Amino acid sequence: MLGTSRGLPLIFGVALLVSLAGPARAGEPLAQGIAAFNRGEYAAAVEHFTRAASEKPDDAGVLSWLGSAQLRAGRPEEAAASLTKALELDEDQPETQNNLGSAYWALGDAKNALAHYQESVYLQPHYPAPHYNLGTVYLALGNLEQAVGEFSVAVALDPENADAHNNLGVAHERKQQLAEAAACYEKALDLRPGSQSFRLNLALALRSLGRIDDAIEHLSRLSDANSAEPAVYLTLGLIYYEKKSDYQRALNAFRRVVALDPENAAGERQNRR
């Protein structure tokens with residue numbers, strides 16, 4: 001998973017979907033685990049699924065739930081072991097293949113991550129999660145054509161996935177396809193208007209396209225919301241300094257950069273001119 005920095009717009013983490021293990025009766029460990037998982041209580045879910053697996057050690061669905069909970073709980077090695085065992089029992093499960101790919105990706109093993117995501121796509125071509133995940137890996141590896149292709153499939157299959165639209169924009173931006181990138185960021189922001197990361201990505205793409213006033217509008221909204229991202233104020237400062245000759249606003253923006261990031265040499269240089 002990549003974090004944010006300017007030059008590298010936000011890339012979101014790998015999607016996790018789990019397969020169902022058949023009907024679970026209330027009060028049973030499996031049902032308790034599913035309820036905890038859906039509440040986001042992953043450590044508790046692991047405990048419940050571990051008990052369920054001890055009762056049904058040959059149930060691929062239970063092991064798939066266990067591996068997914070272990071991965072969400074930050075235990076990728078255990079997750080890989082559980083999901084591998086699940087696939088040994090039933091290899092034709094696209095969700096489990098996808099999740100094992102996510103476990104390998106969390107372990108830094110891109111080769112095996114790609115293999116399992118690709119197998120998930122082979123088993124269920126219209127399942128959006130592995131396409132999104134393939135795009136994430138290809139983007140991290142710098143395989144931009146493949147990243148664009150996979151994210152394009154992901155948004156076609158799941159057009160309400162704001163993260164996929166954003167990451168498609170990232171891939172286009174890295175290919176210097178700025179108009180396409182801006183359109184993707186706009187769609188992502190339409191779907192999730194409160195995302196400061198999406199808005200910043202859009203503003204930076206607009207600036208690169210020469211749409212300065214549009215960029216200022218989005219950056220100003222971020223500034224008004226007291227964004228903690230120094231890139232907001234650095235970019236505003238540069239625009240006011242270079243494009244608008246508004247030196248007071250530029251100075252104010254650079255001061256906010258330095259306040260947020262005292263080690264930012266670019267902000268310091270502009271502040272001292």
# chains A, B, ... in the order shown; residues from 1 in each chain; ligands from 1
>>> residues_around(residues="A:Asn161", least_positions_apart="6", cutoff="8 Å", atoms="only C-alpha atoms", output="compact mmCIF listing (two decimals) with N, CA and C atoms, in the first residue's frame")
# COMPACT_ATOMS: atom_id res chain seq x y z
N VAL A 155 -13.73 -0.15 -12.81
CA VAL A 155 -14.78 0.89 -12.77
C VAL A 155 -15.95 0.53 -13.67
N ALA A 188 -14.31 10.48 -9.10
CA ALA A 188 -14.08 9.99 -7.74
C ALA A 188 -14.62 10.98 -6.72
N LEU A 191 -18.35 10.95 -6.39
CA LEU A 191 -18.82 9.82 -5.61
C LEU A 191 -18.52 9.96 -4.12
>>> residues_around(residues="stretch 98-110 of chain A", least_positions_apart="3", cutoff="9 Å", atoms="only C-alpha atoms", output="ChimeraX atom specification")
/A:1,14-18,64,67-68,71,74-84,93-95,113-121,129-130,133,137,141
>>> write_last_selection(atoms="N, CA and C atoms", output="mmCIF file, in the first residue's frame")
data_model
loop_
_atom_site.group_PDB
_atom_site.id
_atom_site.type_symbol
_atom_site.label_atom_id
_atom_site.label_comp_id
_atom_site.auth_asym_id
_atom_site.auth_seq_id
_atom_site.Cartn_x
_atom_site.Cartn_y
_atom_site.Cartn_z
ATOM 1 N N MET A 1 0.843 -1.174 0.000
ATOM 2 C CA MET A 1 0.000 0.000 0.000
ATOM 3 C C MET A 1 0.887 1.235 0.000
ATOM 4 N N VAL A 14 -5.543 -2.705 -0.865
ATOM 5 C CA VAL A 14 -6.107 -3.802 -1.630
ATOM 6 C C VAL A 14 -7.465 -4.209 -1.064
ATOM 7 N N ALA A 15 -8.418 -4.404 -1.942
ATOM 8 C CA ALA A 15 -9.768 -4.778 -1.517
ATOM 9 C C ALA A 15 -9.784 -6.187 -0.944
ATOM 10 N N LEU A 16 -10.628 -6.396 0.032
ATOM 11 C CA LEU A 16 -10.798 -7.707 0.644
ATOM 12 C C LEU A 16 -12.266 -8.101 0.554
ATOM 13 N N LEU A 17 -12.518 -9.240 -0.040
ATOM 14 C CA LEU A 17 -13.858 -9.803 -0.016
ATOM 15 C C LEU A 17 -13.730 -11.245 0.439
ATOM 16 N N VAL A 18 -14.733 -11.727 1.115
ATOM 17 C CA VAL A 18 -14.649 -13.072 1.670
ATOM 18 C C VAL A 18 -15.738 -13.947 1.097
ATOM 19 N N SER A 64 -11.576 -19.751 4.828
ATOM 20 C CA SER A 64 -11.523 -18.510 4.055
ATOM 21 C C SER A 64 -11.887 -17.320 4.943
ATOM 22 N N GLY A 67 -8.908 -16.694 7.315
ATOM 23 C CA GLY A 67 -7.800 -16.007 6.653
ATOM 24 C C GLY A 67 -8.097 -14.552 6.386
ATOM 25 N N SER A 68 -9.338 -14.251 6.008
ATOM 26 C CA SER A 68 -9.710 -12.866 5.749
ATOM 27 C C SER A 68 -9.656 -12.035 7.026
ATOM 28 N N LEU A 71 -6.053 -11.398 7.976
ATOM 29 C CA LEU A 71 -5.464 -10.354 7.147
ATOM 30 C C LEU A 71 -5.908 -8.977 7.613
ATOM 31 N N GLY A 74 -4.123 -7.658 10.568
ATOM 32 C CA GLY A 74 -2.701 -7.375 10.431
ATOM 33 C C GLY A 74 -1.812 -8.580 10.651
ATOM 34 N N ARG A 75 -2.314 -9.759 10.333
ATOM 35 C CA ARG A 75 -1.551 -11.001 10.508
ATOM 36 C C ARG A 75 -1.457 -11.728 9.169
ATOM 37 N N PRO A 76 -0.739 -11.145 8.191
ATOM 38 C CA PRO A 76 -0.760 -11.693 6.832
ATOM 39 C C PRO A 76 -0.143 -13.079 6.696
ATOM 40 N N GLU A 77 0.877 -13.395 7.494
ATOM 41 C CA GLU A 77 1.475 -14.727 7.395
ATOM 42 C C GLU A 77 0.465 -15.802 7.790
ATOM 43 N N GLU A 78 -0.243 -15.569 8.891
ATOM 44 C CA GLU A 78 -1.271 -16.513 9.311
ATOM 45 C C GLU A 78 -2.388 -16.572 8.278
ATOM 46 N N ALA A 79 -2.738 -15.414 7.731
ATOM 47 C CA ALA A 79 -3.786 -15.367 6.714
ATOM 48 C C ALA A 79 -3.401 -16.203 5.501
ATOM 49 N N ALA A 80 -2.161 -16.064 5.052
ATOM 50 C CA ALA A 80 -1.715 -16.826 3.888
ATOM 51 C C ALA A 80 -1.817 -18.322 4.149
ATOM 52 N N ALA A 81 -1.463 -18.740 5.357
ATOM 53 C CA ALA A 81 -1.535 -20.166 5.687
ATOM 54 C C ALA A 81 -2.982 -20.654 5.677
ATOM 55 N N SER A 82 -3.884 -19.883 6.289
ATOM 56 C CA SER A 82 -5.293 -20.292 6.330
ATOM 57 C C SER A 82 -5.911 -20.322 4.946
ATOM 58 N N LEU A 83 -5.632 -19.296 4.151
ATOM 59 C CA LEU A 83 -6.224 -19.225 2.814
ATOM 60 C C LEU A 83 -5.646 -20.277 1.890
ATOM 61 N N THR A 84 -4.364 -20.579 2.048
ATOM 62 C CA THR A 84 -3.761 -21.652 1.247
ATOM 63 C C THR A 84 -4.429 -22.982 1.556
ATOM 64 N N GLN A 93 -12.469 -21.080 -5.785
ATOM 65 C CA GLN A 93 -13.146 -20.019 -5.062
ATOM 66 C C GLN A 93 -12.485 -18.679 -5.394
ATOM 67 N N PRO A 94 -13.121 -17.850 -6.235
ATOM 68 C CA PRO A 94 -12.483 -16.590 -6.629
ATOM 69 C C PRO A 94 -12.223 -15.649 -5.457
ATOM 70 N N GLU A 95 -13.126 -15.638 -4.470
ATOM 71 C CA GLU A 95 -12.920 -14.753 -3.321
ATOM 72 C C GLU A 95 -11.687 -15.159 -2.525
ATOM 73 N N ALA A 113 1.141 -12.509 -5.386
ATOM 74 C CA ALA A 113 -0.077 -11.708 -5.357
ATOM 75 C C ALA A 113 -0.707 -11.653 -6.747
ATOM 76 N N LEU A 114 0.105 -11.349 -7.748
ATOM 77 C CA LEU A 114 -0.413 -11.280 -9.120
ATOM 78 C C LEU A 114 -0.986 -12.620 -9.559
ATOM 79 N N ALA A 115 -0.305 -13.701 -9.218
ATOM 80 C CA ALA A 115 -0.764 -15.021 -9.650
ATOM 81 C C ALA A 115 -2.151 -15.333 -9.096
ATOM 82 N N HIS A 116 -2.384 -15.021 -7.838
ATOM 83 C CA HIS A 116 -3.683 -15.351 -7.245
ATOM 84 C C HIS A 116 -4.772 -14.382 -7.695
ATOM 85 N N TYR A 117 -4.439 -13.116 -7.881
ATOM 86 C CA TYR A 117 -5.434 -12.200 -8.438
ATOM 87 C C TYR A 117 -5.828 -12.639 -9.850
ATOM 88 N N GLN A 118 -4.856 -13.043 -10.641
ATOM 89 C CA GLN A 118 -5.145 -13.491 -12.003
ATOM 90 C C GLN A 118 -5.995 -14.752 -12.001
ATOM 91 N N GLU A 119 -5.723 -15.649 -11.056
ATOM 92 C CA GLU A 119 -6.536 -16.857 -10.951
ATOM 93 C C GLU A 119 -7.959 -16.507 -10.541
ATOM 94 N N SER A 120 -8.111 -15.527 -9.669
ATOM 95 C CA SER A 120 -9.451 -15.079 -9.279
ATOM 96 C C SER A 120 -10.217 -14.531 -10.473
ATOM 97 N N VAL A 121 -9.539 -13.743 -11.301
ATOM 98 C CA VAL A 121 -10.169 -13.211 -12.512
ATOM 99 C C VAL A 121 -10.546 -14.340 -13.468
ATOM 100 N N ALA A 129 -13.216 -7.006 -7.587
ATOM 101 C CA ALA A 129 -12.125 -6.833 -6.616
ATOM 102 C C ALA A 129 -10.752 -7.219 -7.161
ATOM 103 N N PRO A 130 -10.590 -8.390 -7.803
ATOM 104 C CA PRO A 130 -9.239 -8.715 -8.272
ATOM 105 C C PRO A 130 -8.753 -7.802 -9.394
ATOM 106 N N ASN A 133 -7.417 -4.922 -7.551
ATOM 107 C CA ASN A 133 -6.175 -5.292 -6.886
ATOM 108 C C ASN A 133 -5.024 -5.469 -7.870
ATOM 109 N N VAL A 137 -1.388 -3.404 -7.857
ATOM 110 C CA VAL A 137 -0.043 -3.993 -7.935
ATOM 111 C C VAL A 137 0.696 -3.468 -9.165
ATOM 112 N N LEU A 141 4.190 -1.327 -9.347
ATOM 113 C CA LEU A 141 5.338 -1.845 -10.085
ATOM 114 C C LEU A 141 5.714 -0.972 -11.279
#
>>> residues_around(residues="A:Ala225", least_positions_apart="6", cutoff="12 Å", atoms="only C-alpha atoms", output="list of chain:residue names")
A:Gly194, A:Ser195, A:Gln196, A:Arg199, A:His218, A:Leu219, A:Val232
>>> atom_distance(atom1="atom CA of A:Ala73", atom2="atom CA of A:Ala36")
11.9 Å
>>> atom_distance(atom1="atom CA of A:Val153", atom2="atom CA of A:Leu206")
24.9 Å
>>> select_by_dssp(residues="stretch 18-265 of chain A", states="alpha helix (DSSP H)", output="ChimeraX atom specification")
/A:29-38,42-55,60-72,76-89,94-106,110-123,128-141,144-157,162-174,178-191,196-208,212-224,230-242,247-260,265
>>> residues_around(residues="stretch 169-184 of chain A", least_positions_apart="4", cutoff="6 Å", atoms="only C-alpha atoms", output="PyMOL selection string")
chain A and resi 144+148+165+202+205
>>> write_last_selection(atoms="N, CA and C atoms", output="mmCIF file, in the first residue's frame")
data_model
loop_
_atom_site.group_PDB
_atom_site.id
_atom_site.type_symbol
_atom_site.label_atom_id
_atom_site.label_comp_id
_atom_site.auth_asym_id
_atom_site.auth_seq_id
_atom_site.Cartn_x
_atom_site.Cartn_y
_atom_site.Cartn_z
ATOM 1 N N LEU A 144 2.194 0.754 -16.169
ATOM 2 C CA LEU A 144 1.081 1.697 -16.243
ATOM 3 C C LEU A 144 -0.003 1.273 -17.224
ATOM 4 N N VAL A 148 -3.827 0.839 -16.027
ATOM 5 C CA VAL A 148 -4.971 1.510 -16.645
ATOM 6 C C VAL A 148 -6.008 0.484 -17.081
ATOM 7 N N HIS A 165 -11.891 4.765 -9.406
ATOM 8 C CA HIS A 165 -11.819 5.933 -10.286
ATOM 9 C C HIS A 165 -10.584 6.775 -9.953
ATOM 10 N N LEU A 202 -7.257 16.165 -7.836
ATOM 11 C CA LEU A 202 -7.902 16.902 -8.923
ATOM 12 C C LEU A 202 -7.276 18.280 -9.074
ATOM 13 N N ALA A 205 -3.901 18.063 -10.788
ATOM 14 C CA ALA A 205 -4.033 17.757 -12.214
ATOM 15 C C ALA A 205 -4.510 18.984 -12.981
#
>>> closest_residue(among="A:Tyr132, A:Trp65, A:Tyr233, A:Tyr42", to="A:Ala250", atoms="only C-alpha atoms")
A:Tyr233
>>> residues_around(residues="A:Glu47", least_positions_apart="4", cutoff="9 Å", atoms="only C-alpha atoms", output="ChimeraX atom specification")
/A:29,33,42-43,51-52,66
>>> write_last_selection(atoms="N, CA and C atoms", output="compact mmCIF listing (two decimals), in the first residue's frame")
# COMPACT_ATOMS: atom_id res chain seq x y z
N PRO A 29 -19.77 -20.43 16.61
CA PRO A 29 -18.56 -19.61 16.40
C PRO A 29 -18.52 -18.95 15.02
N GLY A 33 -18.29 -15.06 14.48
CA GLY A 33 -17.15 -14.50 13.75
C GLY A 33 -17.60 -13.58 12.64
N TYR A 42 -11.87 -7.28 14.12
CA TYR A 42 -11.18 -8.37 13.44
C TYR A 42 -10.46 -9.31 14.39
N ALA A 43 -9.90 -8.78 15.49
CA ALA A 43 -9.25 -9.67 16.44
C ALA A 43 -10.26 -10.63 17.06
N ARG A 51 -12.09 -20.98 16.49
CA ARG A 51 -12.90 -22.02 17.14
C ARG A 51 -13.73 -22.77 16.10
N ALA A 52 -14.29 -22.03 15.15
CA ALA A 52 -15.08 -22.69 14.10
C ALA A 52 -14.21 -23.64 13.28
N LEU A 66 -11.56 -17.23 8.19
CA LEU A 66 -10.46 -17.08 9.15
C LEU A 66 -9.31 -16.32 8.52
>>> atom_distance(atom1="atom CA of A:Arg207", atom2="atom CA of A:Asn226")
20.3 Å
